[in-house]
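Heads up, protein.cif below (mmCIF, C-alpha atoms (C1' of nucleotides)):
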data_coords
loop_
_atom_site.label_atom_id
_atom_site.label_comp_id
_atom_site.auth_asym_id
_atom_site.auth_seq_id
_atom_site.Cartn_x
_atom_site.Cartn_y
_atom_site.Cartn_z
CA MET A 71 -27.42 6.86 12.04
CA SER A 72 -24.85 7.26 9.31
CA ARG A 73 -25.61 6.26 5.75
CA THR A 74 -23.19 3.38 6.04
CA ALA A 75 -24.79 2.10 9.22
CA ALA A 76 -28.22 2.28 7.61
CA THR A 77 -27.04 0.29 4.59
CA ARG A 78 -25.48 -2.34 6.80
CA GLU A 79 -28.64 -2.59 8.89
CA ARG A 80 -30.75 -3.20 5.79
CA LEU A 81 -28.30 -5.81 4.54
CA PHE A 82 -28.39 -7.55 7.94
CA THR A 83 -32.16 -7.66 8.00
CA ALA A 84 -32.42 -8.95 4.45
CA ALA A 85 -29.72 -11.56 5.01
CA ILE A 86 -31.22 -12.79 8.28
CA GLU A 87 -34.64 -13.29 6.72
CA LEU A 88 -33.36 -15.03 3.63
CA ILE A 89 -30.89 -17.26 5.44
CA ALA A 90 -33.50 -18.27 8.00
CA GLU A 91 -35.84 -19.22 5.19
CA ARG A 92 -33.45 -20.95 2.84
CA GLY A 93 -30.17 -21.50 4.66
CA PHE A 94 -26.83 -19.84 4.16
CA ALA A 95 -25.59 -21.86 1.22
CA THR A 96 -28.73 -21.57 -0.91
CA THR A 97 -29.17 -17.86 -0.32
CA THR A 98 -27.44 -15.89 -3.07
CA VAL A 99 -25.74 -12.56 -2.69
CA ASP A 100 -27.93 -11.24 -5.51
CA GLN A 101 -31.04 -12.09 -3.50
CA ILE A 102 -29.72 -10.39 -0.37
CA ALA A 103 -28.83 -7.25 -2.32
CA GLU A 104 -32.20 -7.21 -4.04
CA ARG A 105 -34.23 -7.55 -0.84
CA ALA A 106 -32.11 -4.90 0.86
CA GLY A 107 -32.68 -2.62 -2.13
CA VAL A 108 -28.98 -2.25 -2.71
CA ALA A 109 -26.59 -3.02 -5.54
CA LYS A 110 -24.57 -6.20 -5.35
CA GLY A 111 -21.36 -4.22 -5.35
CA THR A 112 -22.45 -2.53 -2.13
CA VAL A 113 -22.40 -5.86 -0.33
CA TYR A 114 -18.80 -6.36 -1.36
CA TYR A 115 -17.89 -2.75 -0.65
CA ASN A 116 -19.20 -3.09 2.92
CA PHE A 117 -18.37 -6.65 3.85
CA GLY A 118 -15.88 -8.02 1.38
CA SER A 119 -17.46 -11.46 1.11
CA LYS A 120 -20.64 -13.41 1.68
CA ALA A 121 -19.06 -15.26 4.59
CA ALA A 122 -17.88 -12.03 6.19
CA LEU A 123 -21.38 -10.58 5.97
CA PHE A 124 -22.78 -13.64 7.69
CA SER A 125 -20.08 -13.62 10.31
CA ALA A 126 -20.68 -9.96 11.18
CA LEU A 127 -24.40 -10.61 11.29
CA LEU A 128 -24.00 -13.52 13.71
CA GLU A 129 -21.87 -11.57 16.11
CA TYR A 130 -24.16 -8.56 15.94
CA GLY A 131 -27.25 -10.69 16.58
CA ILE A 132 -25.82 -12.80 19.36
CA GLU A 133 -24.45 -9.71 21.10
CA ARG A 134 -27.87 -8.07 21.02
CA PHE A 135 -29.47 -11.29 22.21
CA ALA A 136 -27.09 -11.60 25.16
CA GLN A 137 -27.48 -7.90 25.92
CA THR A 138 -31.26 -8.33 26.12
CA LEU A 139 -30.92 -11.23 28.53
CA ARG A 140 -28.37 -9.40 30.65
CA GLU A 141 -30.58 -6.35 31.02
CA ALA A 142 -33.51 -8.54 32.05
CA ALA A 143 -31.47 -10.10 34.84
CA ASP A 144 -29.88 -6.90 36.03
CA GLY A 145 -30.71 -5.86 39.55
CA ARG A 146 -33.17 -8.66 40.24
CA GLU A 147 -33.17 -11.29 42.97
CA PRO A 148 -31.95 -14.68 41.61
CA MET A 149 -35.28 -16.41 41.05
CA ALA A 150 -36.94 -13.26 39.74
CA ALA A 151 -33.94 -12.81 37.45
CA LEU A 152 -34.40 -16.33 36.07
CA GLU A 153 -38.03 -15.61 35.38
CA ALA A 154 -37.13 -12.33 33.70
CA VAL A 155 -34.40 -13.91 31.58
CA VAL A 156 -36.73 -16.65 30.35
CA GLY A 157 -39.30 -14.00 29.50
CA ALA A 158 -36.68 -11.94 27.68
CA GLU A 159 -35.50 -14.93 25.67
CA LEU A 160 -39.09 -15.71 24.75
CA ARG A 161 -39.81 -12.15 23.69
CA PHE A 162 -36.57 -11.77 21.78
CA ILE A 163 -37.28 -14.91 19.79
CA GLY A 164 -40.83 -13.78 19.16
CA GLU A 165 -39.55 -10.49 17.77
CA HIS A 166 -36.57 -11.91 15.90
CA GLU A 167 -37.92 -15.23 14.81
CA SER A 168 -35.81 -15.31 11.66
CA PHE A 169 -32.64 -14.81 13.60
CA ALA A 170 -33.56 -17.55 16.04
CA ARG A 171 -34.17 -20.01 13.22
CA LEU A 172 -30.89 -19.03 11.64
CA LEU A 173 -29.11 -19.61 14.95
CA ILE A 174 -30.56 -23.01 15.54
CA ALA A 175 -29.85 -24.04 11.97
CA GLU A 176 -26.24 -22.96 11.67
CA ALA A 177 -24.92 -23.09 15.21
CA TRP A 178 -25.07 -26.79 16.00
CA ARG A 179 -22.96 -28.19 13.16
CA SER A 180 -20.04 -30.42 14.01
CA ARG A 181 -17.63 -28.93 11.50
CA GLY A 182 -17.99 -26.03 9.13
CA ASP A 183 -17.15 -22.39 9.48
CA TRP A 184 -19.77 -21.57 12.08
CA GLN A 185 -19.15 -23.87 14.99
CA TYR A 186 -17.61 -20.84 16.60
CA ALA A 187 -21.17 -19.52 16.60
CA ALA A 188 -22.18 -22.23 19.03
CA GLN A 189 -19.28 -21.23 21.22
CA LEU A 190 -20.36 -17.60 21.01
CA ILE A 191 -23.91 -18.43 22.08
CA ARG A 192 -22.63 -20.56 24.91
CA GLU A 193 -20.32 -17.84 26.18
CA ARG A 194 -22.71 -14.96 25.77
CA ALA A 195 -26.36 -15.98 25.86
CA ILE A 196 -26.23 -19.23 27.81
CA GLY A 197 -23.57 -17.64 29.99
CA VAL A 198 -26.09 -15.11 31.26
CA ILE A 199 -28.44 -17.90 32.35
CA GLY A 200 -25.52 -19.65 34.00
CA ASP A 201 -24.67 -16.54 35.97
CA VAL A 202 -28.24 -16.21 37.17
CA LEU A 203 -28.35 -19.85 38.25
CA ARG A 204 -25.01 -19.50 40.01
CA ALA A 205 -26.38 -16.55 41.96
CA ALA A 206 -29.45 -18.58 42.87
CA VAL A 207 -27.29 -21.41 44.14
CA ALA A 208 -25.12 -19.00 46.11
CA GLY A 209 -28.25 -17.49 47.62
CA GLY A 210 -29.51 -20.91 48.68
CA ARG A 211 -32.50 -20.86 46.34
CA LEU A 212 -31.28 -23.79 44.29
CA ARG A 213 -29.53 -27.03 45.25
CA PRO A 214 -25.86 -26.44 46.00
CA ASP A 215 -24.81 -29.49 43.97
CA LEU A 216 -26.59 -28.28 40.81
CA ASP A 217 -24.62 -28.69 37.58
CA VAL A 218 -25.07 -25.07 36.65
CA ASP A 219 -23.69 -25.21 33.11
CA MET A 220 -25.83 -28.16 32.13
CA ALA A 221 -28.91 -26.62 33.69
CA ALA A 222 -28.24 -23.35 31.86
CA SER A 223 -28.01 -25.08 28.53
CA ALA A 224 -31.15 -27.08 29.37
CA VAL A 225 -33.10 -23.92 30.15
CA PHE A 226 -31.85 -22.17 27.03
CA GLY A 227 -32.68 -25.09 24.74
CA MET A 228 -36.05 -25.64 26.32
CA VAL A 229 -37.08 -22.04 25.86
CA LEU A 230 -35.71 -21.93 22.30
CA THR A 231 -37.61 -25.03 21.24
CA VAL A 232 -40.85 -23.96 22.85
CA ALA A 233 -40.58 -20.45 21.45
CA LEU A 234 -40.12 -21.71 17.90
CA ASP A 235 -43.03 -24.14 18.29
CA TRP A 236 -45.12 -21.31 19.66
CA ARG A 237 -44.32 -19.05 16.67
CA THR A 238 -44.94 -21.88 14.23
CA LEU A 239 -48.06 -23.48 15.61
CA GLN A 240 -49.91 -20.87 17.69
CA PRO A 241 -48.47 -17.46 16.87
CA ASP A 242 -51.55 -15.70 18.24
CA ARG A 243 -51.16 -17.12 21.70
CA ASP A 244 -50.07 -14.63 24.34
CA VAL A 245 -46.44 -14.63 25.48
CA THR A 246 -47.43 -14.56 29.13
CA GLU A 247 -49.21 -17.91 28.86
CA VAL A 248 -46.19 -19.55 27.29
CA HIS A 249 -43.99 -17.89 29.87
CA ALA A 250 -46.14 -19.14 32.75
CA THR A 251 -46.10 -22.75 31.57
CA LEU A 252 -42.35 -22.62 31.14
CA MET A 253 -41.82 -21.20 34.62
CA ASP A 254 -44.12 -23.78 36.18
CA LEU A 255 -42.02 -26.42 34.54
CA LEU A 256 -38.81 -24.89 35.83
CA ARG A 257 -40.11 -24.44 39.33
CA GLY A 258 -41.17 -28.07 39.53
CA ARG A 259 -44.83 -27.24 39.83
CA LEU A 260 -45.91 -29.93 37.42
CA VAL A 261 -45.56 -32.89 39.70
CA THR A 262 -48.54 -33.24 42.02
CA MET B 163 -29.09 -58.26 3.47
CA SER B 164 -29.44 -57.74 -0.28
CA ARG B 165 -26.80 -55.91 -2.26
CA THR B 166 -29.22 -53.04 -2.78
CA ALA B 167 -30.03 -52.70 0.91
CA ALA B 168 -26.34 -52.71 1.77
CA THR B 169 -25.64 -49.97 -0.78
CA ARG B 170 -28.49 -47.84 0.53
CA GLU B 171 -27.31 -48.29 4.10
CA ARG B 172 -23.83 -47.12 3.17
CA LEU B 173 -25.24 -44.13 1.33
CA PHE B 174 -27.40 -43.24 4.34
CA THR B 175 -24.48 -43.39 6.72
CA ALA B 176 -22.22 -41.35 4.47
CA ALA B 177 -24.92 -38.76 3.82
CA ILE B 178 -25.85 -38.38 7.50
CA GLU B 179 -22.26 -37.79 8.52
CA LEU B 180 -21.52 -35.32 5.77
CA ILE B 181 -24.76 -33.38 6.10
CA ALA B 182 -24.32 -33.13 9.87
CA GLU B 183 -20.83 -31.75 9.32
CA ARG B 184 -21.41 -29.41 6.41
CA GLY B 185 -25.15 -29.03 5.93
CA PHE B 186 -27.35 -30.31 3.13
CA ALA B 187 -26.66 -27.60 0.60
CA THR B 188 -22.88 -27.66 0.84
CA THR B 189 -22.60 -31.43 0.81
CA THR B 190 -22.08 -32.60 -2.76
CA VAL B 191 -23.39 -35.81 -4.21
CA ASP B 192 -19.83 -36.59 -5.28
CA GLN B 193 -18.71 -36.45 -1.65
CA ILE B 194 -21.51 -38.71 -0.50
CA ALA B 195 -20.75 -41.23 -3.22
CA GLU B 196 -17.05 -41.14 -2.48
CA ARG B 197 -17.46 -41.69 1.26
CA ALA B 198 -19.94 -44.51 0.63
CA GLY B 199 -17.48 -46.06 -1.82
CA VAL B 200 -19.86 -46.10 -4.77
CA ALA B 201 -20.09 -44.22 -8.03
CA LYS B 202 -22.13 -41.06 -8.31
CA GLY B 203 -24.53 -42.75 -10.70
CA THR B 204 -25.42 -45.25 -7.99
CA VAL B 205 -26.90 -42.50 -5.87
CA TYR B 206 -29.19 -41.55 -8.73
CA TYR B 207 -29.94 -45.16 -9.57
CA ASN B 208 -31.09 -45.76 -5.98
CA PHE B 209 -32.72 -42.48 -5.02
CA GLY B 210 -33.38 -40.42 -8.11
CA SER B 211 -32.16 -37.12 -6.68
CA LYS B 212 -30.15 -35.56 -3.90
CA ALA B 213 -33.32 -34.29 -2.25
CA ALA B 214 -34.99 -37.71 -2.45
CA LEU B 215 -31.99 -39.31 -0.76
CA PHE B 216 -32.20 -36.78 2.05
CA SER B 217 -35.93 -37.20 2.34
CA ALA B 218 -35.68 -40.99 2.61
CA LEU B 219 -32.92 -40.63 5.16
CA LEU B 220 -34.95 -38.25 7.31
CA GLU B 221 -37.98 -40.49 7.38
CA TYR B 222 -35.86 -43.54 8.12
CA GLY B 223 -34.02 -41.79 10.95
CA ILE B 224 -37.02 -40.16 12.55
CA GLU B 225 -38.97 -43.40 12.43
CA ARG B 226 -36.17 -45.23 14.22
CA PHE B 227 -35.87 -42.41 16.72
CA ALA B 228 -39.59 -42.49 17.52
CA GLN B 229 -39.53 -46.28 17.66
CA THR B 230 -36.76 -46.15 20.26
CA LEU B 231 -38.71 -43.71 22.40
CA ARG B 232 -41.89 -45.73 22.07
CA GLU B 233 -40.20 -48.94 23.17
CA ALA B 234 -38.71 -47.18 26.17
CA ALA B 235 -42.15 -46.01 27.31
CA ASP B 236 -43.94 -49.28 26.63
CA GLY B 237 -45.44 -50.99 29.64
CA ARG B 238 -44.13 -48.54 32.21
CA GLU B 239 -45.99 -46.45 34.74
CA PRO B 240 -46.29 -42.79 33.59
CA MET B 241 -43.46 -41.23 35.58
CA ALA B 242 -41.16 -44.19 35.04
CA ALA B 243 -42.03 -44.01 31.35
CA LEU B 244 -41.03 -40.34 31.23
CA GLU B 245 -37.72 -41.16 32.84
CA ALA B 246 -37.16 -44.01 30.41
CA VAL B 247 -38.06 -41.88 27.39
CA VAL B 248 -35.65 -39.14 28.41
CA GLY B 249 -32.96 -41.77 28.89
CA ALA B 250 -33.74 -43.26 25.49
CA GLU B 251 -33.58 -39.87 23.78
CA LEU B 252 -30.27 -39.19 25.47
CA ARG B 253 -28.82 -42.53 24.46
CA PHE B 254 -30.13 -42.33 20.90
CA ILE B 255 -28.51 -38.95 20.42
CA GLY B 256 -25.29 -40.19 21.95
CA GLU B 257 -25.23 -43.07 19.49
CA HIS B 258 -26.47 -41.12 16.49
CA GLU B 259 -24.91 -37.75 17.11
CA SER B 260 -24.59 -36.92 13.42
CA PHE B 261 -28.25 -37.56 12.83
CA ALA B 262 -29.22 -35.38 15.77
CA ARG B 263 -27.14 -32.50 14.47
CA LEU B 264 -28.65 -32.91 11.06
CA LEU B 265 -32.12 -32.81 12.59
CA ILE B 266 -31.57 -29.69 14.61
CA ALA B 267 -29.93 -27.94 11.68
CA GLU B 268 -32.37 -28.73 8.91
CA ALA B 269 -35.67 -29.23 10.67
CA TRP B 270 -36.39 -25.76 12.03
CA ARG B 271 -36.34 -23.72 8.83
CA SER B 272 -39.30 -21.48 8.18
CA ARG B 273 -39.67 -22.24 4.49
CA GLY B 274 -37.77 -24.60 2.31
CA ASP B 275 -38.36 -28.21 1.50
CA TRP B 276 -37.90 -29.59 4.99
CA GLN B 277 -40.48 -27.93 7.16
CA TYR B 278 -42.33 -31.21 6.82
CA ALA B 279 -39.39 -32.67 8.74
CA ALA B 280 -40.26 -30.57 11.76
CA GLN B 281 -43.82 -31.76 11.43
CA LEU B 282 -42.63 -35.37 11.26
CA ILE B 283 -40.57 -34.98 14.42
CA ARG B 284 -43.47 -33.36 16.18
CA GLU B 285 -45.90 -36.10 15.19
CA ARG B 286 -43.57 -39.01 15.82
CA ALA B 287 -40.86 -38.28 18.35
CA ILE B 288 -42.39 -35.45 20.38
CA GLY B 289 -45.72 -37.22 20.09
CA VAL B 290 -44.40 -40.10 22.17
CA ILE B 291 -43.44 -37.72 24.97
CA GLY B 292 -46.84 -36.09 24.71
CA ASP B 293 -48.54 -39.48 25.11
CA VAL B 294 -46.50 -40.25 28.19
CA LEU B 295 -47.33 -36.89 29.74
CA ARG B 296 -51.01 -37.34 28.93
CA ALA B 297 -50.97 -40.68 30.70
CA ALA B 298 -49.28 -39.06 33.70
CA VAL B 299 -51.93 -36.35 33.83
CA ALA B 300 -54.70 -38.94 33.53
CA GLY B 301 -53.12 -40.91 36.35
CA GLY B 302 -53.03 -37.83 38.58
CA ARG B 303 -49.25 -37.67 38.66
CA LEU B 304 -49.08 -34.32 36.87
CA ARG B 305 -51.26 -31.21 37.11
CA PRO B 306 -54.54 -31.65 35.28
CA ASP B 307 -54.28 -28.25 33.62
CA LEU B 308 -50.84 -28.97 32.14
CA ASP B 309 -50.38 -27.85 28.53
CA VAL B 310 -49.20 -31.25 27.43
CA ASP B 311 -48.07 -30.38 23.90
CA MET B 312 -45.99 -27.46 25.03
CA ALA B 313 -44.46 -29.45 27.88
CA ALA B 314 -43.63 -32.29 25.50
CA SER B 315 -41.82 -29.97 23.10
CA ALA B 316 -40.05 -28.36 26.07
CA VAL B 317 -38.81 -31.72 27.32
CA PHE B 318 -37.73 -32.79 23.86
CA GLY B 319 -35.84 -29.57 23.16
CA MET B 320 -34.24 -29.52 26.56
CA VAL B 321 -32.91 -33.05 26.20
CA LEU B 322 -31.76 -32.43 22.61
CA THR B 323 -29.80 -29.30 23.57
CA VAL B 324 -28.23 -30.86 26.63
CA ALA B 325 -27.35 -34.03 24.77
CA LEU B 326 -25.56 -32.13 22.01
CA ASP B 327 -23.71 -29.99 24.55
CA TRP B 328 -22.75 -33.15 26.38
CA ARG B 329 -21.37 -34.76 23.21
CA THR B 330 -19.53 -31.58 22.26
CA LEU B 331 -18.06 -30.48 25.57
CA GLN B 332 -17.76 -33.53 27.81
CA PRO B 333 -18.16 -36.64 25.65
CA ASP B 334 -16.51 -38.81 28.28
CA ARG B 335 -19.05 -38.04 30.94
CA ASP B 336 -21.38 -40.88 31.79
CA VAL B 337 -24.93 -40.86 30.40
CA THR B 338 -26.42 -41.67 33.76
CA GLU B 339 -25.09 -38.46 35.28
CA VAL B 340 -26.57 -36.36 32.51
CA HIS B 341 -29.78 -38.31 32.79
CA ALA B 342 -29.96 -37.77 36.56
CA THR B 343 -29.50 -34.01 36.30
CA LEU B 344 -32.15 -33.80 33.61
CA MET B 345 -34.63 -35.81 35.66
CA ASP B 346 -34.00 -33.73 38.77
CA LEU B 347 -34.77 -30.69 36.72
CA LEU B 348 -37.99 -32.21 35.38
CA ARG B 349 -39.13 -33.39 38.79
CA GLY B 350 -38.66 -29.94 40.27
CA ARG B 351 -35.94 -31.04 42.60
CA LEU B 352 -33.77 -28.04 41.94
CA VAL B 353 -35.67 -25.50 43.99
CA THR B 354 -34.83 -25.76 47.64
"C1'" DA C 19 -23.80 -78.25 -20.82
"C1'" DA C 20 -22.76 -74.66 -23.69
"C1'" DA C 21 -24.58 -70.51 -25.71
"C1'" DT C 22 -27.61 -66.72 -25.46
"C1'" DT C 23 -30.73 -63.50 -23.45
"C1'" DT C 24 -32.51 -60.67 -19.79
"C1'" DG C 25 -32.76 -57.78 -15.71
"C1'" DT C 26 -30.54 -55.38 -12.22
"C1'" DA C 27 -26.95 -52.80 -10.13
"C1'" DC C 28 -23.45 -49.93 -10.93
"C1'" DT C 29 -19.96 -46.75 -13.35
"C1'" DG C 30 -17.80 -42.27 -14.45
"C1'" DA C 31 -17.03 -38.90 -18.10
"C1'" DC C 32 -19.59 -35.19 -19.46
"C1'" DC C 33 -22.94 -31.17 -19.91
"C1'" DG C 34 -25.26 -27.05 -18.66
"C1'" DG C 35 -26.72 -24.00 -15.23
"C1'" DT C 36 -25.68 -21.35 -11.17
"C1'" DC C 37 -23.37 -18.24 -8.37
"C1'" DA C 38 -19.44 -15.90 -5.66
"C1'" DG C 39 -16.69 -12.60 -6.74
"C1'" DT C 40 -14.50 -8.95 -10.13
"C1'" DT C 41 -14.32 -5.06 -13.03
"C1'" DT C 42 -15.46 -0.68 -14.74
"C1'" DA C 43 -17.25 3.70 -15.48
"C1'" DA C 44 -20.14 6.88 -13.74
"C1'" DA C 45 -23.13 9.12 -10.35
"C1'" DG C 46 -24.55 10.86 -5.64
"C1'" DA C 47 -23.51 12.29 -0.81
"C1'" DG C 48 -21.08 14.61 3.05
"C1'" DC D 36 -12.24 15.88 -2.98
"C1'" DT D 37 -13.18 11.63 -0.82
"C1'" DC D 38 -16.30 8.10 0.51
"C1'" DT D 39 -20.08 5.37 -0.84
"C1'" DT D 40 -23.23 3.45 -4.03
"C1'" DT D 41 -24.89 1.99 -8.62
"C1'" DA D 42 -25.64 -0.89 -12.76
"C1'" DA D 43 -24.27 -4.18 -15.75
"C1'" DA D 44 -21.39 -7.26 -17.86
"C1'" DC D 45 -18.13 -10.87 -17.15
"C1'" DT D 46 -15.25 -14.95 -15.35
"C1'" DG D 47 -14.46 -19.36 -13.76
"C1'" DA D 48 -15.11 -22.89 -10.47
"C1'" DC D 49 -18.31 -25.94 -8.94
"C1'" DC D 50 -22.06 -29.26 -8.85
"C1'" DG D 51 -26.64 -31.62 -9.82
"C1'" DG D 52 -28.13 -34.47 -13.02
"C1'" DT D 53 -27.61 -37.48 -17.41
"C1'" DC D 54 -26.52 -41.36 -20.11
"C1'" DA D 55 -24.05 -44.73 -22.80
"C1'" DG D 56 -21.84 -48.44 -21.41
"C1'" DT D 57 -19.97 -52.34 -18.05
"C1'" DA D 58 -20.52 -56.37 -14.77
"C1'" DC D 59 -22.63 -60.26 -13.58
"C1'" DA D 60 -25.84 -63.61 -12.20
"C1'" DA D 61 -30.09 -65.96 -13.15
"C1'" DA D 62 -33.16 -67.57 -16.61
"C1'" DT D 63 -33.88 -69.46 -21.20
"C1'" DT D 64 -32.68 -71.65 -25.36
"C1'" DT D 65 -30.31 -74.89 -28.34
#
Please rewrite the model in this file as structure tokens.
Amino acid sequence: MSRTAATRERLFTAAIELIAERGFATTTVDQIAERAGVAKGTVYYNFGSKAALFSALLEYGIERFAQTLREAADGREPMAALEAVVGAELRFIGEHESFARLLIAEAWRSRGDWQYAAQLIRERAIGVIGDVLRAAVAGGRLRPDLDVDMAASAVFGMVLTVALDWRTLQPDRDVTEVHATLMDLLRGRLVT
Amino acid sequence: MSRTAATRERLFTAAIELIAERGFATTTVDQIAERAGVAKGTVYYNFGSKAALFSALLEYGIERFAQTLREAADGREPMAALEAVVGAELRFIGEHESFARLLIAEAWRSRGDWQYAAQLIRERAIGVIGDVLRAAVAGGRLRPDLDVDMAASAVFGMVLTVALDWRTLQPDRDVTEVHATLMDLLRGRLVT
DNA sequence: AAATTTGTACTGACCGGTCAGTTTAAAGAG
DNA sequence: CTCTTTAAACTGACCGGTCAGTACAAATTT
């Protein structure tokens, strides 16, 4: 990894943590530079502005998120793929809790400079779930009249909410338990 | 309604809209005052600080949210109550979209002054769903080993995400359709 | 019933701190 | 020699909070 890439990585990590804790607007560039162990000028040398840093960070994070989900689905039968994708989302959030909080906080605004973030998540991350559901419908495993896009966003939001509650309230609980409950819910195994 | 109550109401409305659009930190007190049609000093006369205004607004909104859900559940059989609560959450978000966006954006921070907001939502709003699910389990309509708290937060998050997507992407679509899809999902009617 | 006082709600110019972004000169790395 | 980073000082716009003063209606006094 080049020196530049390493510097950027450290700035990303520092910025994600701080912004998740305090929000974009109340996080100062001085704080980001300090936590990254870098001079303030370096931030501007590498990114040009606070907003540009955040923008790059969002795209980078969402791309990695979507990539993780895609790999989980790859090569699996539809219903197994859904299970794997839910597990991957859960694990990703567990490992990148700060990023998840940042996403949820900045992505669902009505105006502002980051509503494109919501669009990005929809296209990339939720899109993967949609593809899996579409395959399941095509394979006759799910109702043919299913509103795939709505269901995808429902699954994504459900997992996101539960994952954040899990990390907040019972961080020691095992992922597999959370995963199992979620899958039971999705498979309609709750109703007796 | 007293003059004071009217002024506070207008400040609430203005603040909710602006904060949902731009976030708490980037919304200025001058903007709130201007949109409410009062002087800046009036904000401080009535609430003491920007944070106190936001705090009052959160409690007010969450209480009304929870109240709506509670009334929907009241007097209904468990599964009918669940259906009614989901419908009520959907309708509340449709009617108070700004407030919902504000909630999702500010309530899931890790630190900061509003993590108590997440706690408030959990205790009040999600709590109602939890009570309904508990009743359903007690009545033998849902699996006895169901993790009620996790399921409640899953339902809440799922509805919240879908509702916001609905308002953003297809605002003209009828609530009942969205509601039906959501209930099918919850009842496990998707798997063939 | 006119004059005065009191309490409450509101006003908006102003102050002081904060912070994004700039500048500069010099040092380290590939 | 060029690219990257550093450290520190500086600028200027912006914004939360303050406060002396206004508006006005109800109570109290004369």
Step by step, work through what the PyMOL selection byres ((chain B) within 8 of (chain C)) selects in the shown file, and finish by giving those residues as a PyMOL selection string.
-> chain B and resi 166+201-204
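For the pair atom CA of Arg238 of chain B and atom CA of Arg259 of chain A, the interatomic distance is 22.6 Å.
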If you measure from atom CA of Thr188 of chain B to atom C1' of DC50 of chain D, what distance in Å do you get, rounded to one decimal?
-> 9.9 Å
For atom CA of Asp201 of chain A and atom CA of Leu265 of chain B, quote the distance in Å rounded to one decimal.
->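 Calculated distance between atom CA of Asp201 of chain A and atom CA of Leu265 of chain B is 29.4 Å.
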Return the neighbours of chain B among the residues of chain A, cut-off 8 Å, counting all atoms listed in the file, as a short mmCIF file (atom, residue, chain, number, x, y, z; two decimals) with C-alpha atoms, in the frame of the given file.
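Generated file (iface_34.cif):
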data_model
loop_
_atom_site.label_atom_id
_atom_site.label_comp_id
_atom_site.auth_asym_id
_atom_site.auth_seq_id
_atom_site.Cartn_x
_atom_site.Cartn_y
_atom_site.Cartn_z
CA ALA A 90 -33.50 -18.27 8.00
CA GLU A 91 -35.84 -19.22 5.19
CA ARG A 92 -33.45 -20.95 2.84
CA GLY A 93 -30.17 -21.50 4.66
CA ALA A 95 -25.59 -21.86 1.22
CA THR A 96 -28.73 -21.57 -0.91
CA SER A 168 -35.81 -15.31 11.66
CA ARG A 171 -34.17 -20.01 13.22
CA LEU A 172 -30.89 -19.03 11.64
CA ILE A 174 -30.56 -23.01 15.54
CA ALA A 175 -29.85 -24.04 11.97
CA GLU A 176 -26.24 -22.96 11.67
CA ALA A 177 -24.92 -23.09 15.21
CA TRP A 178 -25.07 -26.79 16.00
CA ARG A 179 -22.96 -28.19 13.16
CA SER A 180 -20.04 -30.42 14.01
CA ARG A 181 -17.63 -28.93 11.50
CA GLY A 182 -17.99 -26.03 9.13
CA GLY A 210 -29.51 -20.91 48.68
CA ARG A 211 -32.50 -20.86 46.34
CA LEU A 212 -31.28 -23.79 44.29
CA ARG A 213 -29.53 -27.03 45.25
CA LEU A 216 -26.59 -28.28 40.81
CA ASP A 217 -24.62 -28.69 37.58
CA MET A 220 -25.83 -28.16 32.13
CA ALA A 221 -28.91 -26.62 33.69
CA SER A 223 -28.01 -25.08 28.53
CA ALA A 224 -31.15 -27.08 29.37
CA VAL A 225 -33.10 -23.92 30.15
CA PHE A 226 -31.85 -22.17 27.03
CA GLY A 227 -32.68 -25.09 24.74
CA MET A 228 -36.05 -25.64 26.32
CA VAL A 229 -37.08 -22.04 25.86
CA LEU A 230 -35.71 -21.93 22.30
CA THR A 231 -37.61 -25.03 21.24
CA VAL A 232 -40.85 -23.96 22.85
CA ASP A 235 -43.03 -24.14 18.29
CA THR A 251 -46.10 -22.75 31.57
CA LEU A 252 -42.35 -22.62 31.14
CA LEU A 255 -42.02 -26.42 34.54
CA LEU A 256 -38.81 -24.89 35.83
CA ARG A 257 -40.11 -24.44 39.33
CA GLY A 258 -41.17 -28.07 39.53
CA ARG A 259 -44.83 -27.24 39.83
CA LEU A 260 -45.91 -29.93 37.42
CA VAL A 261 -45.56 -32.89 39.70
CA THR A 262 -48.54 -33.24 42.02
#
Enumerate, in order of chain and increasing residue number, the residues of chain B with an atom no farther than 10 Å from chain D, each with its shortest atom pair and distance in Å to one decimal, counting all atoms listed in the file, as a tab-separated table.
residue	atom	partner	partner_atom	distance
B:Thr188	CA	D:DC50	C1'	9.9
B:Thr189	CA	D:DC50	C1'	9.9
B:Thr190	CA	D:DC50	C1'	6.9
B:Val191	CA	D:DG51	C1'	7.7
B:Asp192	CA	D:DC50	C1'	8.5
B:Gly203	CA	D:DT53	C1'	9.1
B:Tyr206	CA	D:DG52	C1'	8.3
B:Gly210	CA	D:DG52	C1'	9.3
B:Ser211	CA	D:DG52	C1'	8.0
B:Lys212	CA	D:DG51	C1'	7.9
Export of prior selection with C-alpha atoms as a tab-separated table (two decimals), in the frame of the given file:
chain	number	residue	atom	x	y	z
B	188	THR	CA	-22.88	-27.66	0.84
B	189	THR	CA	-22.60	-31.43	0.81
B	190	THR	CA	-22.08	-32.60	-2.76
B	191	VAL	CA	-23.39	-35.81	-4.21
B	192	ASP	CA	-19.83	-36.59	-5.28
B	203	GLY	CA	-24.53	-42.75	-10.70
B	206	TYR	CA	-29.19	-41.55	-8.73
B	210	GLY	CA	-33.38	-40.42	-8.11
B	211	SER	CA	-32.16	-37.12	-6.68
B	212	LYS	CA	-30.15	-35.56	-3.90
Got a sec to resolve the PyMOL selection byres ((chain B and resi 222) around 12) on this structure and send the residues as a PyMOL selection string?
-> chain B and resi 170-171+174-175+178+215-221+223-229+261+279+282-283+286
Using all atoms listed in the file, find the one residue out of B:Ala177, B:Ala287, B:Val294, B:Val205 that sits nearest to Glu251 of chain B.
->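 Result for the nearest residue to Glu251 of chain B: B:Ala287.
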